[in-house]
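Text of protein.pdb, listed as PDB, C-alpha atoms, pLDDT in the B column:
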ATOM      1  CA  MET A  20      90.974 214.471 193.204  1.00 78.00           C
ATOM      2  CA  THR A  21      92.498 211.209 191.944  1.00 93.00           C
ATOM      3  CA  PHE A  22      90.077 209.024 190.013  1.00 97.00           C
ATOM      4  CA  SER A  23      89.409 205.769 191.850  1.00 97.00           C
ATOM      5  CA  GLY A  24      86.109 204.836 190.207  1.00 98.00           C
ATOM      6  CA  PHE A  25      82.558 206.120 190.372  1.00 98.00           C
ATOM      7  CA  GLY A  26      80.919 206.127 193.777  1.00 98.00           C
ATOM      8  CA  GLU A  27      79.038 203.220 195.282  1.00 97.00           C
ATOM      9  CA  TYR A  28      75.636 204.840 194.756  1.00 98.00           C
ATOM     10  CA  ALA A  29      76.180 206.352 191.293  1.00 98.00           C
ATOM     11  CA  ILE A  30      73.897 203.934 189.442  1.00 98.00           C
ATOM     12  CA  ASP A  31      71.383 203.882 192.295  1.00 98.00           C
ATOM     13  CA  PHE A  32      71.159 207.666 192.041  1.00 98.00           C
ATOM     14  CA  TYR A  33      70.155 207.489 188.365  1.00 98.00           C
ATOM     15  CA  ASP A  34      67.831 204.521 188.885  1.00 98.00           C
ATOM     16  CA  GLY A  35      65.981 206.676 191.398  1.00 98.00           C
ATOM     17  CA  LEU A  36      66.003 209.714 189.134  1.00 98.00           C
ATOM     18  CA  VAL A  37      64.406 207.732 186.315  1.00 97.00           C
ATOM     19  CA  LEU A  38      61.550 206.833 188.656  1.00 97.00           C
ATOM     20  CA  ASP A  39      61.212 210.305 190.186  1.00 97.00           C
ATOM     21  CA  ASN A  40      62.594 213.049 187.953  1.00 97.00           C
ATOM     22  CA  SER A  41      61.618 215.871 190.273  1.00 96.00           C
ATOM     23  CA  LYS A  42      63.250 218.750 192.098  1.00 96.00           C
ATOM     24  CA  ALA A  43      62.341 217.111 195.395  1.00 97.00           C
ATOM     25  CA  TYR A  44      64.281 213.949 194.503  1.00 98.00           C
ATOM     26  CA  TRP A  45      67.191 216.000 193.178  1.00 97.00           C
ATOM     27  CA  ASP A  46      67.427 218.139 196.290  1.00 97.00           C
ATOM     28  CA  ASP A  47      67.232 215.099 198.563  1.00 98.00           C
ATOM     29  CA  ASN A  48      69.987 213.280 196.644  1.00 98.00           C
ATOM     30  CA  LYS A  49      72.164 216.108 195.347  1.00 98.00           C
ATOM     31  CA  GLU A  50      75.064 215.238 197.653  1.00 98.00           C
ATOM     32  CA  THR A  51      75.100 211.707 196.238  1.00 98.00           C
ATOM     33  CA  TYR A  52      75.251 213.141 192.725  1.00 98.00           C
ATOM     34  CA  LEU A  53      78.111 215.471 193.614  1.00 98.00           C
ATOM     35  CA  ARG A  54      80.100 212.830 195.510  1.00 98.00           C
ATOM     36  CA  ASP A  55      79.482 209.639 193.505  1.00 98.00           C
ATOM     37  CA  VAL A  56      78.892 211.006 189.988  1.00 98.00           C
ATOM     38  CA  ARG A  57      80.083 214.546 189.329  1.00 98.00           C
ATOM     39  CA  ALA A  58      83.362 214.557 191.261  1.00 98.00           C
ATOM     40  CA  PRO A  59      84.535 211.197 189.829  1.00 98.00           C
ATOM     41  CA  MET A  60      83.612 212.291 186.291  1.00 98.00           C
ATOM     42  CA  GLU A  61      85.676 215.462 186.705  1.00 98.00           C
ATOM     43  CA  ALA A  62      88.574 213.406 188.084  1.00 98.00           C
ATOM     44  CA  LEU A  63      88.301 210.948 185.180  1.00 98.00           C
ATOM     45  CA  LEU A  64      88.528 213.709 182.574  1.00 98.00           C
ATOM     46  CA  LEU A  65      91.426 215.313 184.418  1.00 98.00           C
ATOM     47  CA  ALA A  66      93.314 212.007 184.403  1.00 97.00           C
ATOM     48  CA  LEU A  67      92.857 211.793 180.608  1.00 98.00           C
ATOM     49  CA  GLU A  68      93.656 215.440 179.898  1.00 97.00           C
ATOM     50  CA  LYS A  69      97.368 215.025 179.187  1.00 96.00           C
ATOM     51  CA  GLU A  70      96.742 212.558 176.359  1.00 97.00           C
ATOM     52  CA  PHE A  71      93.426 213.777 174.929  1.00 96.00           C
ATOM     53  CA  GLY A  72      92.986 217.422 175.937  1.00 95.00           C
ATOM     54  CA  GLU A  73      90.900 219.415 178.350  1.00 96.00           C
ATOM     55  CA  GLY A  74      87.422 218.067 179.000  1.00 96.00           C
ATOM     56  CA  LYS A  75      84.154 219.285 180.427  1.00 97.00           C
ATOM     57  CA  VAL A  76      81.237 217.702 182.259  1.00 98.00           C
ATOM     58  CA  PHE A  77      77.814 218.530 180.886  1.00 97.00           C
ATOM     59  CA  ARG A  78      75.231 220.251 183.051  1.00 96.00           C
ATOM     60  CA  PRO A  79      72.685 217.929 184.695  1.00 96.00           C
ATOM     61  CA  TYR A  80      69.748 220.120 183.684  1.00 95.00           C
ATOM     62  CA  ARG A  81      67.697 219.512 180.549  1.00 91.00           C
ATOM     63  CA  ASP A  82      66.798 222.335 178.164  1.00 86.00           C
ATOM     64  CA  VAL A  83      63.014 222.053 178.242  1.00 80.00           C
ATOM     65  CA  ARG A  84      62.127 225.334 176.509  1.00 81.00           C
ATOM     66  CA  PHE A  85      60.943 223.661 173.299  1.00 77.00           C
ATOM     67  CA  ALA A  86      60.566 220.080 174.533  1.00 77.00           C
ATOM     68  CA  LYS A  87      57.336 218.162 175.076  1.00 81.00           C
ATOM     69  CA  ASP A  88      59.067 216.268 177.880  1.00 83.00           C
ATOM     70  CA  LYS A  89      59.391 218.762 180.726  1.00 87.00           C
ATOM     71  CA  THR A  90      61.311 216.552 183.160  1.00 92.00           C
ATOM     72  CA  PRO A  91      64.036 218.838 184.516  1.00 95.00           C
ATOM     73  CA  TYR A  92      67.074 216.547 184.887  1.00 96.00           C
ATOM     74  CA  LYS A  93      69.123 214.396 182.532  1.00 96.00           C
ATOM     75  CA  ASP A  94      69.104 210.679 183.315  1.00 97.00           C
ATOM     76  CA  HIS A  95      72.857 210.458 182.681  1.00 98.00           C
ATOM     77  CA  CYS A  96      76.126 212.310 183.268  1.00 98.00           C
ATOM     78  CA  GLY A  97      78.256 212.972 180.216  1.00 98.00           C
ATOM     79  CA  GLY A  98      81.788 214.230 179.771  1.00 98.00           C
ATOM     80  CA  VAL A  99      83.470 215.254 176.531  1.00 97.00           C
ATOM     81  CA  ILE A 100      86.805 216.292 175.108  1.00 96.00           C
ATOM     82  CA  GLU A 101      86.563 218.031 171.737  1.00 92.00           C
ATOM     83  CA  LYS A 102      88.162 220.881 169.812  1.00 82.00           C
ATOM     84  CA  GLY A 103      84.805 222.015 168.490  1.00 80.00           C
ATOM     85  CA  ARG A 104      81.315 220.586 168.194  1.00 82.00           C
ATOM     86  CA  GLY A 105      81.025 218.124 165.332  1.00 78.00           C
ATOM     87  CA  GLY A 106      84.728 218.052 164.505  1.00 85.00           C
ATOM     88  CA  GLY A 107      85.528 214.867 166.391  1.00 91.00           C
ATOM     89  CA  ALA A 108      84.878 214.151 170.069  1.00 95.00           C
ATOM     90  CA  TYR A 109      85.823 211.764 172.849  1.00 97.00           C
ATOM     91  CA  TYR A 110      82.754 211.102 174.965  1.00 98.00           C
ATOM     92  CA  VAL A 111      82.068 209.201 178.184  1.00 98.00           C
ATOM     93  CA  GLN A 112      78.724 208.739 179.912  1.00 98.00           C
ATOM     94  CA  LEU A 113      77.398 207.227 183.113  1.00 98.00           C
ATOM     95  CA  SER A 114      73.734 206.174 183.269  1.00 98.00           C
ATOM     96  CA  PRO A 115      71.517 203.307 184.451  1.00 97.00           C
ATOM     97  CA  GLU A 116      72.749 201.548 181.279  1.00 96.00           C
ATOM     98  CA  GLY A 117      76.258 201.532 182.760  1.00 97.00           C
ATOM     99  CA  LEU A 118      79.369 203.115 181.241  1.00 98.00           C
ATOM    100  CA  MET A 119      79.327 204.289 177.638  1.00 98.00           C
ATOM    101  CA  THR A 120      82.172 205.700 175.566  1.00 98.00           C
ATOM    102  CA  GLY A 121      81.868 207.167 172.120  1.00 98.00           C
ATOM    103  CA  GLY A 122      83.498 209.288 169.468  1.00 97.00           C
ATOM    104  CA  GLY A 123      82.999 210.979 166.130  1.00 96.00           C
ATOM    105  CA  SER A 124      80.816 213.809 164.882  1.00 96.00           C
ATOM    106  CA  PHE A 125      77.777 213.834 167.164  1.00 93.00           C
ATOM    107  CA  HIS A 126      76.286 216.909 165.499  1.00 92.00           C
ATOM    108  CA  MET A 127      76.864 218.573 162.130  1.00 94.00           C
ATOM    109  CA  GLN A 128      75.682 221.947 160.977  1.00 93.00           C
ATOM    110  CA  SER A 129      75.041 222.461 157.263  1.00 94.00           C
ATOM    111  CA  ASP A 130      78.602 223.505 156.386  1.00 94.00           C
ATOM    112  CA  GLN A 131      80.004 220.487 158.235  1.00 95.00           C
ATOM    113  CA  LEU A 132      77.548 218.140 156.548  1.00 96.00           C
ATOM    114  CA  ALA A 133      78.532 219.505 153.128  1.00 95.00           C
ATOM    115  CA  ARG A 134      82.214 218.865 153.854  1.00 96.00           C
ATOM    116  CA  TYR A 135      81.433 215.410 155.231  1.00 96.00           C
ATOM    117  CA  ARG A 136      79.493 214.352 152.130  1.00 97.00           C
ATOM    118  CA  ALA A 137      82.098 215.771 149.752  1.00 96.00           C
ATOM    119  CA  SER A 138      84.822 213.822 151.562  1.00 96.00           C
ATOM    120  CA  VAL A 139      82.848 210.574 151.614  1.00 97.00           C
ATOM    121  CA  ASP A 140      82.029 211.009 147.938  1.00 95.00           C
ATOM    122  CA  ALA A 141      85.656 211.630 146.968  1.00 91.00           C
ATOM    123  CA  HIS A 142      87.495 209.145 149.198  1.00 86.00           C
ATOM    124  CA  GLY A 143      85.027 207.371 151.448  1.00 92.00           C
ATOM    125  CA  ILE A 144      87.111 204.215 151.369  1.00 96.00           C
ATOM    126  CA  LEU A 145      89.329 205.615 154.142  1.00 96.00           C
ATOM    127  CA  LEU A 146      86.355 206.272 156.407  1.00 97.00           C
ATOM    128  CA  ARG A 147      85.008 202.829 155.518  1.00 97.00           C
ATOM    129  CA  LYS A 148      88.242 201.166 156.651  1.00 98.00           C
ATOM    130  CA  ILE A 149      88.263 203.124 159.920  1.00 98.00           C
ATOM    131  CA  VAL A 150      84.622 202.299 160.675  1.00 98.00           C
ATOM    132  CA  ASP A 151      85.025 198.628 159.759  1.00 98.00           C
ATOM    133  CA  LYS A 152      88.003 198.329 162.107  1.00 98.00           C
ATOM    134  CA  LEU A 153      86.004 199.864 164.954  1.00 98.00           C
ATOM    135  CA  LEU A 154      83.081 197.528 164.297  1.00 98.00           C
ATOM    136  CA  GLY A 155      85.505 194.639 164.517  1.00 97.00           C
ATOM    137  CA  GLN A 156      86.627 195.946 167.922  1.00 97.00           C
ATOM    138  CA  GLY A 157      83.093 195.825 169.276  1.00 97.00           C
ATOM    139  CA  TRP A 158      81.899 199.361 168.572  1.00 98.00           C
ATOM    140  CA  ALA A 159      78.396 200.115 167.268  1.00 98.00           C
ATOM    141  CA  LEU A 160      77.874 202.682 164.524  1.00 98.00           C
ATOM    142  CA  ALA A 161      75.202 205.286 165.255  1.00 97.00           C
ATOM    143  CA  GLY A 162      73.964 208.710 164.209  1.00 97.00           C
ATOM    144  CA  ASP A 163      71.116 210.556 162.535  1.00 97.00           C
ATOM    145  CA  VAL A 164      70.572 208.620 159.297  1.00 97.00           C
ATOM    146  CA  MET A 165      68.322 209.593 156.387  1.00 95.00           C
ATOM    147  CA  LYS A 166      65.835 206.999 155.141  1.00 93.00           C
ATOM    148  CA  SER A 167      66.272 208.240 151.589  1.00 92.00           C
ATOM    149  CA  LYS A 168      69.502 209.112 149.823  1.00 91.00           C
ATOM    150  CA  PRO A 169      70.848 212.668 149.817  1.00 94.00           C
ATOM    151  CA  ARG A 170      70.242 214.577 146.603  1.00 92.00           C
ATOM    152  CA  GLY A 171      72.956 214.543 143.986  1.00 92.00           C
ATOM    153  CA  PHE A 172      74.286 211.046 144.614  1.00 93.00           C
ATOM    154  CA  ALA A 173      73.728 207.931 142.538  1.00 93.00           C
ATOM    155  CA  ASP A 174      71.620 205.049 143.801  1.00 92.00           C
ATOM    156  CA  ASP A 175      74.599 202.728 143.383  1.00 93.00           C
ATOM    157  CA  HIS A 176      77.162 204.943 145.132  1.00 94.00           C
ATOM    158  CA  PRO A 177      79.597 202.584 146.919  1.00 94.00           C
ATOM    159  CA  HIS A 178      79.340 204.575 150.152  1.00 96.00           C
ATOM    160  CA  LEU A 179      75.666 205.487 150.063  1.00 96.00           C
ATOM    161  CA  ASP A 180      75.108 204.119 153.566  1.00 96.00           C
ATOM    162  CA  LEU A 181      77.729 206.526 154.933  1.00 97.00           C
ATOM    163  CA  LEU A 182      76.381 209.417 152.857  1.00 97.00           C
ATOM    164  CA  ARG A 183      72.984 209.008 154.508  1.00 97.00           C
ATOM    165  CA  HIS A 184      74.450 210.000 157.880  1.00 97.00           C
ATOM    166  CA  ARG A 185      73.657 213.519 159.090  1.00 96.00           C
ATOM    167  CA  SER A 186      75.768 212.757 162.142  1.00 96.00           C
ATOM    168  CA  ILE A 187      78.118 209.838 162.587  1.00 97.00           C
ATOM    169  CA  TYR A 188      79.619 208.360 165.709  1.00 98.00           C
ATOM    170  CA  VAL A 189      80.396 205.054 167.387  1.00 98.00           C
ATOM    171  CA  ARG A 190      79.540 203.884 170.888  1.00 98.00           C
ATOM    172  CA  LYS A 191      80.498 201.067 173.242  1.00 98.00           C
ATOM    173  CA  VAL A 192      78.662 200.128 176.442  1.00 98.00           C
ATOM    174  CA  TRP A 193      79.630 198.191 179.548  1.00 98.00           C
ATOM    175  CA  GLU A 194      76.795 197.190 181.846  1.00 97.00           C
ATOM    176  CA  PRO A 195      77.198 198.182 185.515  1.00 96.00           C
ATOM    177  CA  ASP A 196      79.919 196.039 187.093  1.00 97.00           C
ATOM    178  CA  ASP A 197      82.584 196.201 189.799  1.00 97.00           C
ATOM    179  CA  VAL A 198      85.093 197.861 187.440  1.00 98.00           C
ATOM    180  CA  LEU A 199      82.838 200.929 187.266  1.00 98.00           C
ATOM    181  CA  HIS A 200      83.668 201.624 190.905  1.00 98.00           C
ATOM    182  CA  GLU A 201      87.393 200.856 190.646  1.00 98.00           C
ATOM    183  CA  PRO A 202      90.498 202.616 189.234  1.00 97.00           C
ATOM    184  CA  GLY A 203      90.352 200.146 186.327  1.00 97.00           C
ATOM    185  CA  CYS A 204      87.452 202.161 184.933  1.00 98.00           C
ATOM    186  CA  LEU A 205      90.019 204.762 183.858  1.00 98.00           C
ATOM    187  CA  ASP A 206      91.932 202.114 181.888  1.00 98.00           C
ATOM    188  CA  ARG A 207      88.689 201.033 180.240  1.00 98.00           C
ATOM    189  CA  VAL A 208      87.934 204.560 179.029  1.00 98.00           C
ATOM    190  CA  ARG A 209      91.533 205.276 177.995  1.00 98.00           C
ATOM    191  CA  LYS A 210      91.839 202.072 175.974  1.00 98.00           C
ATOM    192  CA  SER A 211      88.545 202.684 174.186  1.00 98.00           C
ATOM    193  CA  TRP A 212      89.404 206.307 173.395  1.00 98.00           C
ATOM    194  CA  ARG A 213      92.750 205.271 171.941  1.00 98.00           C
ATOM    195  CA  GLN A 214      90.844 203.100 169.481  1.00 98.00           C
ATOM    196  CA  LEU A 215      88.957 206.232 168.378  1.00 98.00           C
ATOM    197  CA  LYS A 216      91.978 208.348 167.441  1.00 97.00           C
ATOM    198  CA  ASP A 217      91.912 207.606 163.697  1.00 97.00           C
ATOM    199  CA  PHE A 218      88.156 208.168 163.537  1.00 97.00           C
ATOM    200  CA  ASN A 219      88.322 211.497 165.333  1.00 97.00           C
ATOM    201  CA  ALA A 220      91.303 212.562 163.226  1.00 95.00           C
ATOM    202  CA  TRP A 221      89.207 211.862 160.115  1.00 96.00           C
ATOM    203  CA  CYS A 222      86.347 213.931 161.534  1.00 95.00           C
ATOM    204  CA  GLU A 223      88.695 216.783 162.393  1.00 94.00           C
ATOM    205  CA  ASP A 224      90.264 216.780 158.916  1.00 94.00           C
ATOM    206  CA  HIS A 225      87.134 216.216 156.812  1.00 94.00           C
ATOM    207  CA  VAL A 226      84.296 217.717 158.877  1.00 94.00           C
ATOM    208  CA  GLY A 227      86.036 220.258 161.089  1.00 92.00           C
ATOM    209  CA  VAL A 228      84.497 222.878 163.317  1.00 88.00           C
ATOM    210  CA  SER A 229      81.484 224.731 161.967  1.00 87.00           C
ATOM    211  CA  GLU A 230      81.962 228.265 160.732  1.00 79.00           C
ATOM    212  CA  GLN A 231      78.271 228.969 161.355  1.00 72.00           C
ATOM    213  CA  PRO A 232      76.884 230.339 164.636  1.00 63.00           C
ATOM    214  CA  ARG A 233      75.383 227.655 166.871  1.00 59.00           C
ATOM    215  CA  ARG A 234      71.597 227.521 166.958  1.00 53.00           C
TER     216      ARG A 234
END
Would you kindly transcribe this structure into structure tokens?
Amino acid sequence: MTFSGFGEYAIDFYDGLVLDNSKAYWDDNKETYLRDVRAPMEALLLALEKEFGEGKVFRPYRDVRFAKDKTPYKDHCGGVIEKGRGGGAYYVQLSPEGLMTGGGSFHMQSDQLARYRASVDAHGILLRKIVDKLLGQGWALAGDVMKSKPRGFADDHPHLDLLRHRSIYVRKVWEPDDVLHEPGCLDRVRKSWRQLKDFNAWCEDHVGVSEQPRR
């Protein structure tokens, strides 16, 4: 399938799911999901594969085993290209919010976090320059951030704000518009991902893939 944009009812599907996150709604609208959301997302990742690598589309089902919120379905569709979790990722997401792209280390296990902090401590200025450039290009910095400082670092550390991150990534959002449903959506994702290459290269080199089993 050639990517020509997300389907006409892609956002409507998720607007409805937010209001009625039930199996009945899902079953009644599954064909819309497959046609207007899932198939275009797969085609989008395939179109980007040559430059960025093989991608995958996340399952639409939530893991509710240990969650207080038992709603069964995710209110978004996400796709990712990554060599290993936490070691730098290219992410794209469709939701009622619109189109979102992102990159970085979305999750770090303890060995990855140790490497991240050691790298920021030793030469955080490189990460600072990369992040500042992305902020200047309209990206927003996000992640799991400690309120206090991590143990072992001085209160006046020049990169204390970066050291507080237990995950670190950037995101950019476009509200629903005509481009979402057109081939130009591919150009939008490709251009944004190209801006992420230095950031993801830093994550790959300084965080890397975890050597611990996933929990």
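Closest approach to Gly106 (chain A) among A:Met20, A:Leu63, A:Ile187, A:Ala173: A:Ile187, based on only C-alpha atoms.
Evaluated against the shown file, the PyMOL selection byres ((chain A and resi 145) around 12) gives Ser138, Val139, Asp140, Ala141, His142, Gly143, Ile144, Leu146, Arg147, Lys148, Ile149, Val150, Asp151, Lys152, His178, Leu181, Asp217, Phe218, Ala220, Trp221, Cys222 and His225 of chain A.
Across the structure, CA of Phe22 (chain A) and CA of Leu67 (chain A) are spaced 10.2 Å apart.
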For this file, the PyMOL selection byres ((chain A and resi 188) around 6) selects which residues, as a PyMOL selection string?
chain A and resi 122-125+161-162+187+189
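Using only C-alpha atoms, the residues found no farther than 12 Å from Glu194 (chain A), other than those of its own chain fewer than 4 positions away, are Ile30, Gln112, Leu113, Ser114, Pro115, Glu116, Gly117, Leu118, Met119, Thr120, Val198 and Leu199 of chain A.
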Resolved residues for the PyMOL selection byres ((chain A and resi 32-39) around 12) as a PyMOL selection string:
chain A and resi 25-31+40-57+79+90-96+113-117+195
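Our summary of the geometry notes that CA of Gly171 (chain A) is positioned 18.5 Å from CA of Ser186 (chain A).
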What's around Ser129 (chain A) at 10 Å? Count all atoms listed in the file, leave out sequence neighbours fewer than 6 positions away in its own chain, and write the answer as a JSON list (two decimals) with C-alpha atoms, in the coordinates of the input.
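Result written to selection.json:
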[["chain", "number", "residue", "atom", "x", "y", "z"],
["A", 135, "TYR", "CA", 81.43, 215.41, 155.23],
["A", 185, "ARG", "CA", 73.66, 213.52, 159.09],
["A", 229, "SER", "CA", 81.48, 224.73, 161.97],
["A", 230, "GLU", "CA", 81.96, 228.26, 160.73],
["A", 231, "GLN", "CA", 78.27, 228.97, 161.35]]
In Å, with one decimal, what is the gap from CA of Gly105 (chain A) to CA of Arg136 (chain A)?
13.8 Å
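Between Ser23 (chain A) and the candidates A:Glu201, A:Val208, A:Met165, A:Arg213, the tightest atom-to-atom separation, counting only C-alpha atoms, involves A:Glu201.
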Identify which of the residues A:Gln128, A:Asn219, A:Ser167, A:Gln214 lies closest to Gly155 (chain A), counting only C-alpha atoms when measuring atom-to-atom distances.
A:Gln214
Skip Gly72 (chain A) itself and residues of its chain fewer than 3 positions away, then list as a PDB file with C-alpha atoms, in the frame of the given file all residues within 8 Å of it, counting all atoms listed in the file.
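Ended up saving to result.pdb:
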ATOM      1  CA  LEU A  67      92.857 211.793 180.608  1.00 98.00           C
ATOM      2  CA  GLU A  68      93.656 215.440 179.898  1.00 97.00           C
ATOM      3  CA  LYS A  69      97.368 215.025 179.187  1.00 96.00           C
ATOM      4  CA  ILE A 100      86.805 216.292 175.108  1.00 96.00           C
ATOM      5  CA  GLU A 101      86.563 218.031 171.737  1.00 92.00           C
TER       6      GLU A 101
END
Surrounding residues of Leu65 (chain A) excluding itself and chain neighbours under 3 positions, 12 Å, all atoms listed in the file, as a ChimeraX atom specification:
/A:20-22,58-62,68-76,98-100,205,209
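With all atoms listed in the file as the atoms that count, the minimum distance from Arg183 (chain A) to the choices A:Val164, A:Gln131, A:Arg170, A:Glu223 is reached by A:Val164.
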